[in-house]
$ cat final.txt   # compact mmCIF, N, CA and C atoms
# COMPACT_ATOMS: atom_id res chain seq x y z
N MET K 6 0.83 -1.19 0.00
CA MET K 6 0.00 0.00 0.00
C MET K 6 0.87 1.25 0.00
N ARG K 7 1.92 1.25 0.80
CA ARG K 7 2.81 2.40 0.89
C ARG K 7 3.46 2.66 -0.47
N ASN K 8 3.88 1.59 -1.17
CA ASN K 8 4.49 1.75 -2.49
C ASN K 8 3.50 2.34 -3.49
N LEU K 9 2.25 1.93 -3.38
CA LEU K 9 1.22 2.44 -4.26
C LEU K 9 1.01 3.94 -4.04
N LEU K 10 0.99 4.37 -2.78
CA LEU K 10 0.85 5.79 -2.47
C LEU K 10 2.05 6.60 -2.97
N ALA K 11 3.24 6.05 -2.81
CA ALA K 11 4.44 6.73 -3.29
C ALA K 11 4.40 6.85 -4.81
N ALA K 12 3.98 5.81 -5.48
CA ALA K 12 3.88 5.85 -6.95
C ALA K 12 2.85 6.88 -7.39
N ALA K 13 1.75 6.95 -6.68
CA ALA K 13 0.71 7.93 -7.02
C ALA K 13 1.22 9.35 -6.80
N ALA K 14 1.97 9.57 -5.74
CA ALA K 14 2.53 10.90 -5.48
C ALA K 14 3.49 11.31 -6.58
N PHE K 15 4.35 10.41 -7.02
CA PHE K 15 5.29 10.73 -8.10
C PHE K 15 4.56 10.97 -9.42
N ALA K 16 3.46 10.29 -9.64
CA ALA K 16 2.70 10.49 -10.87
C ALA K 16 2.06 11.87 -10.91
N VAL K 17 1.73 12.42 -9.74
CA VAL K 17 1.10 13.74 -9.67
C VAL K 17 2.13 14.87 -9.81
N LEU K 18 3.35 14.66 -9.38
CA LEU K 18 4.37 15.71 -9.39
C LEU K 18 4.58 16.37 -10.74
N PRO K 19 4.69 15.63 -11.86
CA PRO K 19 4.86 16.33 -13.14
C PRO K 19 3.70 17.26 -13.45
N GLY K 20 2.49 16.88 -13.10
CA GLY K 20 1.33 17.73 -13.32
C GLY K 20 1.40 19.01 -12.51
N LEU K 21 1.91 18.91 -11.29
CA LEU K 21 2.06 20.09 -10.45
C LEU K 21 3.09 21.04 -11.04
N ALA K 22 4.16 20.51 -11.57
CA ALA K 22 5.19 21.35 -12.18
C ALA K 22 4.62 22.09 -13.38
N LEU K 23 3.82 21.40 -14.20
CA LEU K 23 3.23 22.05 -15.37
C LEU K 23 2.23 23.11 -14.96
N ALA K 24 1.51 22.89 -13.87
CA ALA K 24 0.52 23.86 -13.43
C ALA K 24 1.17 25.19 -13.06
N GLN K 25 2.45 25.18 -12.72
CA GLN K 25 3.17 26.39 -12.32
C GLN K 25 3.73 27.15 -13.51
N ASP K 26 3.57 26.63 -14.71
CA ASP K 26 4.17 27.26 -15.89
C ASP K 26 3.84 28.74 -16.02
N SER K 27 2.64 29.13 -15.80
CA SER K 27 2.22 30.52 -16.02
C SER K 27 2.21 31.35 -14.75
N VAL K 28 2.78 30.83 -13.67
CA VAL K 28 2.71 31.49 -12.37
C VAL K 28 4.07 32.08 -12.01
N PHE K 29 4.05 33.34 -11.54
CA PHE K 29 5.25 34.04 -11.10
C PHE K 29 5.03 34.54 -9.68
N LYS K 30 6.11 34.65 -8.91
CA LYS K 30 6.00 35.07 -7.51
C LYS K 30 5.52 36.51 -7.38
N SER K 31 5.82 37.33 -8.39
CA SER K 31 5.43 38.74 -8.34
C SER K 31 5.37 39.30 -9.76
N TYR K 32 4.78 40.49 -9.87
CA TYR K 32 4.75 41.16 -11.17
C TYR K 32 6.18 41.45 -11.64
N ASP K 33 7.05 41.83 -10.71
CA ASP K 33 8.44 42.12 -11.08
C ASP K 33 9.14 40.89 -11.65
N SER K 34 8.92 39.72 -11.06
CA SER K 34 9.57 38.52 -11.59
C SER K 34 9.00 38.15 -12.96
N TYR K 35 7.70 38.33 -13.14
CA TYR K 35 7.08 38.13 -14.46
C TYR K 35 7.71 39.08 -15.48
N GLU K 36 7.79 40.36 -15.12
CA GLU K 36 8.31 41.37 -16.03
C GLU K 36 9.77 41.10 -16.40
N ARG K 37 10.59 40.73 -15.42
CA ARG K 37 12.00 40.41 -15.69
C ARG K 37 12.12 39.24 -16.66
N PHE K 38 11.29 38.22 -16.45
CA PHE K 38 11.32 37.06 -17.33
C PHE K 38 10.97 37.46 -18.76
N VAL K 39 9.84 38.14 -18.93
CA VAL K 39 9.37 38.52 -20.27
C VAL K 39 10.40 39.41 -20.96
N GLU K 40 10.90 40.40 -20.24
CA GLU K 40 11.91 41.30 -20.82
C GLU K 40 13.14 40.54 -21.29
N THR K 41 13.62 39.64 -20.47
CA THR K 41 14.84 38.91 -20.79
C THR K 41 14.66 38.00 -22.00
N VAL K 42 13.62 37.18 -21.99
CA VAL K 42 13.48 36.20 -23.07
C VAL K 42 13.08 36.83 -24.40
N ILE K 43 12.29 37.89 -24.37
CA ILE K 43 11.93 38.51 -25.64
C ILE K 43 13.10 39.31 -26.19
N LYS K 44 13.77 40.09 -25.35
CA LYS K 44 14.91 40.87 -25.84
C LYS K 44 16.00 40.00 -26.44
N THR K 45 16.19 38.80 -25.89
CA THR K 45 17.22 37.90 -26.41
C THR K 45 16.65 36.90 -27.42
N ARG K 46 15.39 37.05 -27.77
CA ARG K 46 14.70 36.25 -28.78
C ARG K 46 14.64 34.77 -28.42
N ASP K 47 14.49 34.46 -27.15
CA ASP K 47 14.34 33.08 -26.69
C ASP K 47 12.85 32.75 -26.67
N PHE K 48 12.27 32.68 -27.86
CA PHE K 48 10.82 32.52 -28.00
C PHE K 48 10.35 31.16 -27.50
N LYS K 49 11.17 30.15 -27.64
CA LYS K 49 10.80 28.82 -27.16
C LYS K 49 10.58 28.83 -25.65
N GLN K 50 11.49 29.47 -24.94
CA GLN K 50 11.34 29.55 -23.48
C GLN K 50 10.12 30.40 -23.11
N LEU K 51 9.87 31.46 -23.85
CA LEU K 51 8.69 32.30 -23.61
C LEU K 51 7.42 31.46 -23.72
N ILE K 52 7.31 30.72 -24.81
CA ILE K 52 6.11 29.93 -25.07
C ILE K 52 5.93 28.84 -24.01
N THR K 53 6.99 28.12 -23.70
CA THR K 53 6.85 27.02 -22.74
C THR K 53 6.57 27.54 -21.33
N ARG K 54 7.24 28.59 -20.91
CA ARG K 54 7.07 29.10 -19.54
C ARG K 54 5.71 29.76 -19.34
N LEU K 55 5.15 30.33 -20.41
CA LEU K 55 3.86 31.01 -20.26
C LEU K 55 2.68 30.11 -20.59
N GLY K 56 2.92 28.80 -20.61
CA GLY K 56 1.79 27.87 -20.70
C GLY K 56 1.66 27.10 -21.99
N GLY K 57 2.54 27.29 -22.94
CA GLY K 57 2.42 26.59 -24.21
C GLY K 57 3.07 25.22 -24.25
N ARG K 58 3.68 24.82 -23.14
CA ARG K 58 4.39 23.53 -23.08
C ARG K 58 3.49 22.37 -23.49
N ASP K 59 2.24 22.40 -23.06
CA ASP K 59 1.34 21.29 -23.36
C ASP K 59 0.51 21.52 -24.62
N GLU K 60 0.73 22.64 -25.30
CA GLU K 60 -0.03 22.94 -26.51
C GLU K 60 0.78 22.72 -27.78
N TYR K 61 2.10 22.58 -27.65
CA TYR K 61 2.97 22.42 -28.81
C TYR K 61 3.88 21.21 -28.63
N THR K 62 4.15 20.53 -29.72
CA THR K 62 5.14 19.45 -29.68
C THR K 62 6.53 20.09 -29.68
N PRO K 63 7.55 19.34 -29.29
CA PRO K 63 8.91 19.88 -29.37
C PRO K 63 9.28 20.35 -30.78
N GLU K 64 8.80 19.64 -31.78
CA GLU K 64 9.07 20.03 -33.16
C GLU K 64 8.41 21.36 -33.51
N GLN K 65 7.17 21.55 -33.06
CA GLN K 65 6.47 22.81 -33.31
C GLN K 65 7.16 23.97 -32.59
N LEU K 66 7.63 23.74 -31.38
CA LEU K 66 8.35 24.78 -30.64
C LEU K 66 9.65 25.15 -31.35
N HIS K 67 10.36 24.14 -31.82
CA HIS K 67 11.61 24.38 -32.54
C HIS K 67 11.33 25.17 -33.82
N SER K 68 10.28 24.80 -34.52
CA SER K 68 9.90 25.49 -35.76
C SER K 68 9.51 26.94 -35.48
N ALA K 69 8.73 27.16 -34.43
CA ALA K 69 8.32 28.53 -34.06
C ALA K 69 9.53 29.38 -33.70
N GLN K 70 10.46 28.79 -32.95
CA GLN K 70 11.69 29.51 -32.59
C GLN K 70 12.44 29.92 -33.85
N GLY K 71 12.57 29.01 -34.80
CA GLY K 71 13.28 29.30 -36.05
C GLY K 71 12.59 30.38 -36.87
N ARG K 72 11.27 30.29 -36.99
CA ARG K 72 10.51 31.30 -37.76
C ARG K 72 10.66 32.68 -37.14
N LEU K 73 10.49 32.75 -35.82
CA LEU K 73 10.57 34.05 -35.15
C LEU K 73 11.98 34.62 -35.20
N GLN K 74 12.98 33.76 -35.10
CA GLN K 74 14.35 34.27 -35.19
C GLN K 74 14.69 34.71 -36.61
N SER K 75 14.03 34.12 -37.61
CA SER K 75 14.27 34.60 -38.98
C SER K 75 13.57 35.94 -39.22
N ILE K 76 12.44 36.15 -38.57
CA ILE K 76 11.74 37.45 -38.67
C ILE K 76 12.53 38.51 -37.91
N TYR K 77 13.06 38.14 -36.76
CA TYR K 77 13.84 39.05 -35.91
C TYR K 77 15.26 38.49 -35.80
N PRO K 78 16.13 38.77 -36.76
CA PRO K 78 17.47 38.17 -36.77
C PRO K 78 18.43 38.71 -35.72
N ARG K 79 18.09 39.81 -35.09
CA ARG K 79 18.96 40.40 -34.06
C ARG K 79 18.19 40.60 -32.77
N ASP K 80 18.92 40.54 -31.65
CA ASP K 80 18.30 40.83 -30.36
C ASP K 80 17.72 42.24 -30.37
N PHE K 81 16.71 42.46 -29.55
CA PHE K 81 16.08 43.77 -29.47
C PHE K 81 16.93 44.72 -28.64
N THR K 82 17.00 45.97 -29.07
CA THR K 82 17.80 46.97 -28.37
C THR K 82 16.96 47.84 -27.45
N GLY K 83 15.66 47.83 -27.65
CA GLY K 83 14.78 48.64 -26.82
C GLY K 83 13.48 47.93 -26.52
N SER K 84 12.82 48.41 -25.46
CA SER K 84 11.52 47.85 -25.10
C SER K 84 10.77 48.87 -24.27
N GLY K 85 9.46 48.70 -24.26
CA GLY K 85 8.65 49.59 -23.44
C GLY K 85 7.27 49.03 -23.22
N LEU K 86 6.71 49.38 -22.09
CA LEU K 86 5.33 49.05 -21.78
C LEU K 86 4.48 50.14 -22.41
N ALA K 87 3.69 49.79 -23.42
CA ALA K 87 2.90 50.78 -24.15
C ALA K 87 1.55 51.05 -23.48
N VAL K 88 0.91 50.00 -23.00
CA VAL K 88 -0.41 50.13 -22.38
C VAL K 88 -0.52 49.11 -21.26
N ARG K 89 -1.09 49.55 -20.16
CA ARG K 89 -1.44 48.63 -19.08
C ARG K 89 -2.82 49.03 -18.59
N GLN K 90 -3.77 48.14 -18.78
CA GLN K 90 -5.14 48.39 -18.34
C GLN K 90 -5.40 47.62 -17.06
N GLN K 91 -5.65 48.34 -15.99
CA GLN K 91 -5.99 47.73 -14.71
C GLN K 91 -7.48 47.44 -14.73
N LEU K 92 -7.88 46.21 -14.57
CA LEU K 92 -9.28 45.81 -14.53
C LEU K 92 -9.65 45.58 -13.06
N MET K 93 -10.75 44.95 -12.80
CA MET K 93 -11.18 44.70 -11.43
C MET K 93 -10.64 43.36 -10.93
N ASN K 94 -10.62 43.19 -9.61
CA ASN K 94 -10.29 41.94 -8.94
C ASN K 94 -8.90 41.40 -9.29
N GLY K 95 -7.95 42.29 -9.52
CA GLY K 95 -6.58 41.88 -9.78
C GLY K 95 -6.25 41.54 -11.22
N PHE K 96 -7.21 41.67 -12.12
CA PHE K 96 -6.97 41.38 -13.53
C PHE K 96 -6.41 42.61 -14.23
N SER K 97 -5.58 42.37 -15.25
CA SER K 97 -5.04 43.46 -16.05
C SER K 97 -4.66 42.94 -17.43
N LYS K 98 -4.54 43.88 -18.35
CA LYS K 98 -4.07 43.60 -19.71
C LYS K 98 -2.91 44.54 -19.98
N GLU K 99 -1.96 44.06 -20.77
CA GLU K 99 -0.85 44.94 -21.12
C GLU K 99 -0.32 44.64 -22.51
N VAL K 100 0.27 45.68 -23.10
CA VAL K 100 0.96 45.56 -24.38
C VAL K 100 2.37 46.08 -24.19
N ARG K 101 3.34 45.27 -24.60
CA ARG K 101 4.75 45.66 -24.58
C ARG K 101 5.25 45.66 -26.02
N ILE K 102 6.15 46.57 -26.30
CA ILE K 102 6.72 46.66 -27.64
C ILE K 102 8.24 46.53 -27.53
N TYR K 103 8.80 45.73 -28.42
CA TYR K 103 10.24 45.51 -28.48
C TYR K 103 10.71 45.94 -29.87
N TRP K 104 11.89 46.54 -29.93
CA TRP K 104 12.40 46.99 -31.22
C TRP K 104 13.91 46.87 -31.30
N ASN K 105 14.37 46.93 -32.55
CA ASN K 105 15.80 46.93 -32.83
C ASN K 105 16.08 48.19 -33.63
N ASP K 106 16.90 49.08 -33.06
CA ASP K 106 17.19 50.36 -33.71
C ASP K 106 17.87 50.20 -35.06
N ALA K 107 18.73 49.21 -35.20
CA ALA K 107 19.50 49.03 -36.44
C ALA K 107 18.61 48.55 -37.59
N THR K 108 17.63 47.71 -37.30
CA THR K 108 16.80 47.14 -38.37
C THR K 108 15.40 47.74 -38.43
N LEU K 109 15.08 48.62 -37.49
CA LEU K 109 13.74 49.19 -37.39
C LEU K 109 12.64 48.13 -37.41
N SER K 110 12.89 47.03 -36.70
CA SER K 110 11.89 45.98 -36.59
C SER K 110 11.23 46.04 -35.22
N TYR K 111 9.93 45.75 -35.20
CA TYR K 111 9.14 45.82 -33.97
C TYR K 111 8.44 44.50 -33.72
N CYS K 112 8.33 44.16 -32.45
CA CYS K 112 7.63 42.97 -32.01
C CYS K 112 6.64 43.41 -30.93
N TYR K 113 5.40 42.93 -31.04
CA TYR K 113 4.34 43.35 -30.14
C TYR K 113 3.92 42.16 -29.28
N TYR K 114 3.81 42.42 -27.96
CA TYR K 114 3.48 41.39 -26.99
C TYR K 114 2.26 41.83 -26.19
N TYR K 115 1.31 40.91 -26.02
CA TYR K 115 0.09 41.14 -25.25
C TYR K 115 0.02 40.11 -24.13
N ALA K 116 -0.46 40.53 -22.97
CA ALA K 116 -0.69 39.58 -21.87
C ALA K 116 -1.96 39.96 -21.11
N PHE K 117 -2.68 38.94 -20.71
CA PHE K 117 -3.84 39.06 -19.82
C PHE K 117 -3.40 38.40 -18.52
N LEU K 118 -3.37 39.17 -17.43
CA LEU K 118 -2.77 38.74 -16.18
C LEU K 118 -3.78 38.74 -15.04
N HIS K 119 -3.49 37.94 -14.02
CA HIS K 119 -4.26 37.97 -12.79
C HIS K 119 -3.30 38.02 -11.61
N ASP K 120 -3.33 39.12 -10.88
CA ASP K 120 -2.51 39.28 -9.67
C ASP K 120 -3.33 38.75 -8.52
N GLN K 121 -2.88 37.64 -7.94
CA GLN K 121 -3.60 37.00 -6.85
C GLN K 121 -3.08 37.42 -5.49
N GLY K 122 -2.22 38.42 -5.46
CA GLY K 122 -1.66 38.88 -4.20
C GLY K 122 -0.32 38.23 -3.90
N ASP K 123 -0.31 36.91 -3.88
CA ASP K 123 0.94 36.19 -3.60
C ASP K 123 1.55 35.59 -4.88
N ALA K 124 0.90 35.82 -6.02
CA ALA K 124 1.39 35.32 -7.30
C ALA K 124 0.72 36.07 -8.44
N VAL K 125 1.41 36.11 -9.56
CA VAL K 125 0.85 36.68 -10.79
C VAL K 125 0.74 35.54 -11.80
N VAL K 126 -0.44 35.39 -12.39
CA VAL K 126 -0.70 34.31 -13.33
C VAL K 126 -0.91 34.92 -14.72
N VAL K 127 -0.20 34.37 -15.69
CA VAL K 127 -0.41 34.78 -17.08
C VAL K 127 -1.52 33.89 -17.63
N LEU K 128 -2.69 34.48 -17.85
CA LEU K 128 -3.84 33.73 -18.33
C LEU K 128 -3.80 33.53 -19.83
N LYS K 129 -3.26 34.54 -20.53
CA LYS K 129 -3.19 34.47 -21.99
C LYS K 129 -2.09 35.41 -22.45
N PHE K 130 -1.41 35.05 -23.53
CA PHE K 130 -0.41 35.94 -24.10
C PHE K 130 -0.38 35.76 -25.61
N ASP K 131 0.16 36.74 -26.29
CA ASP K 131 0.30 36.69 -27.74
C ASP K 131 1.51 37.51 -28.13
N LEU K 132 2.17 37.08 -29.16
CA LEU K 132 3.33 37.75 -29.72
C LEU K 132 3.06 37.88 -31.20
N ASN K 133 3.25 39.09 -31.77
CA ASN K 133 2.90 39.27 -33.16
C ASN K 133 3.73 40.37 -33.79
N THR K 134 3.86 40.31 -35.11
CA THR K 134 4.54 41.36 -35.86
C THR K 134 3.57 42.47 -36.23
N ASN K 135 2.28 42.21 -36.07
CA ASN K 135 1.24 43.15 -36.49
C ASN K 135 0.66 43.85 -35.25
N SER K 136 0.87 45.15 -35.17
CA SER K 136 0.37 45.90 -34.01
C SER K 136 -1.16 45.89 -33.92
N ASP K 137 -1.85 45.87 -35.05
CA ASP K 137 -3.31 45.87 -35.04
C ASP K 137 -3.86 44.62 -34.33
N VAL K 138 -3.22 43.48 -34.54
CA VAL K 138 -3.64 42.25 -33.89
C VAL K 138 -3.52 42.39 -32.36
N ILE K 139 -2.39 42.92 -31.91
CA ILE K 139 -2.14 43.02 -30.48
C ILE K 139 -3.01 44.11 -29.84
N PHE K 140 -3.06 45.28 -30.42
CA PHE K 140 -3.86 46.36 -29.84
C PHE K 140 -5.36 46.05 -29.93
N GLY K 141 -5.75 45.17 -30.84
CA GLY K 141 -7.14 44.75 -30.95
C GLY K 141 -7.61 43.92 -29.76
N LYS K 142 -6.68 43.44 -28.96
CA LYS K 142 -7.02 42.63 -27.79
C LYS K 142 -7.37 43.45 -26.56
N LEU K 143 -7.12 44.76 -26.64
CA LEU K 143 -7.39 45.63 -25.49
C LEU K 143 -8.85 46.02 -25.42

$ encode --input "final.txt" --output "structure tokens"
Amino acid sequence: MRNLLAAAAFAVLPGLALAQDSVFKSYDSYERFVETVIKTRDFKQLITRLGGRDEYTPEQLHSAQGRLQSIYPRDFTGSGLAVRQQLMNGFSKEVRIYWNDATLSYCYYYAFLHDQGDAVVVLKFDLNTNSDVIFGKL
């Protein structure tokens, strides 16, 4: 019986780790993560950490990383929070813009967040080359 309980506990652990994918200890830790991975074009880590791990195969993630790096061949030199809409009950929406001064290329990021007090959860996110798509989510 004890072995069965131990096996059941280990079977649940991977699910618990995945449930934490979109959870950050604070808004600052979320912001540091997003800034770092987008500026350095680590799109695979962005997608997996913000909840896409179970939505894409490893091959699809690799392909997405390659496509995005071909669109944005250089790391971003600038970034800014363009809009942050504070909603009720800890919910918010935001748009961040990343750019490269040398290539005049822009990347638009959207997030729908929930601040639970002791954690910030990314409920939904999008990354796009088209500003109309991202600003249309506000």

$ residues_around --input "final.txt" --residues "K:Gln74" --least-positions-apart "6" --cutoff "9 Å" --atoms "only C-alpha atoms" --output "short mmCIF file (atom, residue, chain, number, x, y, z; two decimals) with N, CA and C atoms, in the frame of the given file"
data_model
loop_
_atom_site.label_atom_id
_atom_site.label_comp_id
_atom_site.auth_asym_id
_atom_site.auth_seq_id
_atom_site.Cartn_x
_atom_site.Cartn_y
_atom_site.Cartn_z
N ARG K 46 15.39 37.05 -27.77
CA ARG K 46 14.70 36.25 -28.78
C ARG K 46 14.64 34.77 -28.42
N ASP K 47 14.49 34.46 -27.15
CA ASP K 47 14.34 33.08 -26.69
C ASP K 47 12.85 32.75 -26.67
N PHE K 48 12.27 32.68 -27.86
CA PHE K 48 10.82 32.52 -28.00
C PHE K 48 10.35 31.16 -27.50
#

$ closest_residue --input "final.txt" --among "K:Trp104, K:Leu86, K:Leu51, K:Gly56" --to "K:Asp26" --atoms "only N, CA and C atoms"
K:Gly56

$ closest_residue --input "final.txt" --among "K:Ala87, K:Leu55, K:Tyr114, K:Thr108" --to "K:Val28" --atoms "all atoms listed in the file"
K:Leu55

$ select_by_dssp --input "final.txt" --residues "stretch 51-131 of chain K" --states "strand (DSSP E)" --output "CSV table (one decimal) with N, CA and C atoms, in the coordinates of the input"
chain,number,residue,atom,x,y,z
K,83,GLY,N,15.7,47.8,-27.6
K,83,GLY,CA,14.8,48.6,-26.8
K,83,GLY,C,13.5,47.9,-26.5
K,84,SER,N,12.8,48.4,-25.5
K,84,SER,CA,11.5,47.8,-25.1
K,84,SER,C,10.8,48.9,-24.3
K,85,GLY,N,9.5,48.7,-24.3
K,85,GLY,CA,8.6,49.6,-23.4
K,85,GLY,C,7.3,49.0,-23.2
K,86,LEU,N,6.7,49.4,-22.1
K,86,LEU,CA,5.3,49.0,-21.8
K,86,LEU,C,4.5,50.1,-22.4
K,87,ALA,N,3.7,49.8,-23.4
K,87,ALA,CA,2.9,50.8,-24.2
K,87,ALA,C,1.6,51.0,-23.5
K,88,VAL,N,0.9,50.0,-23.0
K,88,VAL,CA,-0.4,50.1,-22.4
K,88,VAL,C,-0.5,49.1,-21.3
K,89,ARG,N,-1.1,49.6,-20.2
K,89,ARG,CA,-1.4,48.6,-19.1
K,89,ARG,C,-2.8,49.0,-18.6
K,90,GLN,N,-3.8,48.1,-18.8
K,90,GLN,CA,-5.1,48.4,-18.3
K,90,GLN,C,-5.4,47.6,-17.1
K,91,GLN,N,-5.6,48.3,-16.0
K,91,GLN,CA,-6.0,47.7,-14.7
K,91,GLN,C,-7.5,47.4,-14.7
K,96,PHE,N,-7.2,41.7,-12.1
K,96,PHE,CA,-7.0,41.4,-13.5
K,96,PHE,C,-6.4,42.6,-14.2
K,97,SER,N,-5.6,42.4,-15.2
K,97,SER,CA,-5.0,43.5,-16.0
K,97,SER,C,-4.7,42.9,-17.4
K,98,LYS,N,-4.5,43.9,-18.4
K,98,LYS,CA,-4.1,43.6,-19.7
K,98,LYS,C,-2.9,44.5,-20.0
K,99,GLU,N,-2.0,44.1,-20.8
K,99,GLU,CA,-0.8,44.9,-21.1
K,99,GLU,C,-0.3,44.6,-22.5
K,100,VAL,N,0.3,45.7,-23.1
K,100,VAL,CA,1.0,45.6,-24.4
K,100,VAL,C,2.4,46.1,-24.2
K,101,ARG,N,3.3,45.3,-24.6
K,101,ARG,CA,4.8,45.7,-24.6
K,101,ARG,C,5.2,45.7,-26.0
K,102,ILE,N,6.2,46.6,-26.3
K,102,ILE,CA,6.7,46.7,-27.6
K,102,ILE,C,8.2,46.5,-27.5
K,103,TYR,N,8.8,45.7,-28.4
K,103,TYR,CA,10.2,45.5,-28.5
K,103,TYR,C,10.7,45.9,-29.9
K,104,TRP,N,11.9,46.5,-29.9
K,104,TRP,CA,12.4,47.0,-31.2
K,104,TRP,C,13.9,46.9,-31.3
K,105,ASN,N,14.4,46.9,-32.6
K,105,ASN,CA,15.8,46.9,-32.8
K,105,ASN,C,16.1,48.2,-33.6
K,110,SER,N,12.9,47.0,-36.7
K,110,SER,CA,11.9,46.0,-36.6
K,110,SER,C,11.2,46.0,-35.2
K,111,TYR,N,9.9,45.8,-35.2
K,111,TYR,CA,9.1,45.8,-34.0
K,111,TYR,C,8.4,44.5,-33.7
K,112,CYS,N,8.3,44.2,-32.4
K,112,CYS,CA,7.6,43.0,-32.0
K,112,CYS,C,6.6,43.4,-30.9
K,113,TYR,N,5.4,42.9,-31.0
K,113,TYR,CA,4.3,43.4,-30.1
K,113,TYR,C,3.9,42.2,-29.3
K,114,TYR,N,3.8,42.4,-28.0
K,114,TYR,CA,3.5,41.4,-27.0
K,114,TYR,C,2.3,41.8,-26.2
K,115,TYR,N,1.3,40.9,-26.0
K,115,TYR,CA,0.1,41.1,-25.2
K,115,TYR,C,0.0,40.1,-24.1
K,116,ALA,N,-0.5,40.5,-23.0
K,116,ALA,CA,-0.7,39.6,-21.9
K,116,ALA,C,-2.0,40.0,-21.1
K,117,PHE,N,-2.7,38.9,-20.7
K,117,PHE,CA,-3.8,39.1,-19.8
K,117,PHE,C,-3.4,38.4,-18.5
K,118,LEU,N,-3.4,39.2,-17.4
K,118,LEU,CA,-2.8,38.7,-16.2
K,118,LEU,C,-3.8,38.7,-15.0
K,119,HIS,N,-3.5,37.9,-14.0
K,119,HIS,CA,-4.3,38.0,-12.8
K,119,HIS,C,-3.3,38.0,-11.6
K,120,ASP,N,-3.3,39.1,-10.9
K,120,ASP,CA,-2.5,39.3,-9.7
K,120,ASP,C,-3.3,38.8,-8.5
K,125,VAL,N,1.4,36.1,-9.6
K,125,VAL,CA,0.8,36.7,-10.8
K,125,VAL,C,0.7,35.5,-11.8
K,126,VAL,N,-0.4,35.4,-12.4
K,126,VAL,CA,-0.7,34.3,-13.3
K,126,VAL,C,-0.9,34.9,-14.7
K,127,VAL,N,-0.2,34.4,-15.7
K,127,VAL,CA,-0.4,34.8,-17.1
K,127,VAL,C,-1.5,33.9,-17.6
K,128,LEU,N,-2.7,34.5,-17.8
K,128,LEU,CA,-3.8,33.7,-18.3
K,128,LEU,C,-3.8,33.5,-19.8
K,129,LYS,N,-3.3,34.5,-20.5
K,129,LYS,CA,-3.2,34.5,-22.0
K,129,LYS,C,-2.1,35.4,-22.4
K,130,PHE,N,-1.4,35.0,-23.5
K,130,PHE,CA,-0.4,35.9,-24.1
K,130,PHE,C,-0.4,35.8,-25.6
K,131,ASP,N,0.2,36.7,-26.3
K,131,ASP,CA,0.3,36.7,-27.7
K,131,ASP,C,1.5,37.5,-28.1

$ residues_around --input "final.txt" --residues "K:Lys98" --least-positions-apart "4" --cutoff "12 Å" --atoms "only C-alpha atoms" --output "list in words"
Leu86, Ala87, Val88, Arg89, Gln90, Gln91, Leu92, Met93, Tyr114, Tyr115, Ala116, Phe117, Leu118, His119, Asp120, Val126, Val127, Leu128, Lys129, Phe130, Asp131, Ile139, Phe140, Gly141, Lys142 and Leu143 of chain K

$ atom_distance --input "final.txt" --atom1 "atom N of K:Ala69" --atom2 "atom CA of K:Ile52"
10.1 Å

$ closest_residue --input "final.txt" --among "K:Phe96, K:Glu64, K:Ala124, K:Asn135" --to "K:Tyr111" --atoms "only N, CA and C atoms"
K:Asn135

$ residues_around --input "final.txt" --residues "K:Gly85" --least-positions-apart "2" --cutoff "6.5 Å" --atoms "only N, CA and C atoms" --output "compact mmCIF listing (two decimals) with N, CA and C atoms, in the frame of the given file"
# COMPACT_ATOMS: atom_id res chain seq x y z
N GLY K 83 15.66 47.83 -27.65
CA GLY K 83 14.78 48.64 -26.82
C GLY K 83 13.48 47.93 -26.52
N ALA K 87 3.69 49.79 -23.42
CA ALA K 87 2.90 50.78 -24.15
C ALA K 87 1.55 51.05 -23.48
N VAL K 88 0.91 50.00 -23.00
CA VAL K 88 -0.41 50.13 -22.38
C VAL K 88 -0.52 49.11 -21.26
N VAL K 100 0.27 45.68 -23.10
CA VAL K 100 0.96 45.56 -24.38
C VAL K 100 2.37 46.08 -24.19
N ARG K 101 3.34 45.27 -24.60
CA ARG K 101 4.75 45.66 -24.58
C ARG K 101 5.25 45.66 -26.02
N ILE K 102 6.15 46.57 -26.30
CA ILE K 102 6.72 46.66 -27.64
C ILE K 102 8.24 46.53 -27.53
N TYR K 103 8.80 45.73 -28.42
CA TYR K 103 10.24 45.51 -28.48
C TYR K 103 10.71 45.94 -29.87

$ decode --input "final.txt" --residues "stretch 100-107 of chain K" --atoms "N, CA and C atoms" --output "short mmCIF file (atom, residue, chain, number, x, y, z; two decimals), in the first residue's frame"
data_model
loop_
_atom_site.label_atom_id
_atom_site.label_comp_id
_atom_site.auth_asym_id
_atom_site.auth_seq_id
_atom_site.Cartn_x
_atom_site.Cartn_y
_atom_site.Cartn_z
N VAL K 100 0.27 45.68 -23.10
CA VAL K 100 0.96 45.56 -24.38
C VAL K 100 2.37 46.08 -24.19
N ARG K 101 3.34 45.27 -24.60
CA ARG K 101 4.75 45.66 -24.58
C ARG K 101 5.25 45.66 -26.02
N ILE K 102 6.15 46.57 -26.30
CA ILE K 102 6.72 46.66 -27.64
C ILE K 102 8.24 46.53 -27.53
N TYR K 103 8.80 45.73 -28.42
CA TYR K 103 10.24 45.51 -28.48
C TYR K 103 10.71 45.94 -29.87
N TRP K 104 11.89 46.54 -29.93
CA TRP K 104 12.40 46.99 -31.22
C TRP K 104 13.91 46.87 -31.30
N ASN K 105 14.37 46.93 -32.55
CA ASN K 105 15.80 46.93 -32.83
C ASN K 105 16.08 48.19 -33.63
N ASP K 106 16.90 49.08 -33.06
CA ASP K 106 17.19 50.36 -33.71
C ASP K 106 17.87 50.20 -35.06
N ALA K 107 18.73 49.21 -35.20
CA ALA K 107 19.50 49.03 -36.44
C ALA K 107 18.61 48.55 -37.59
#
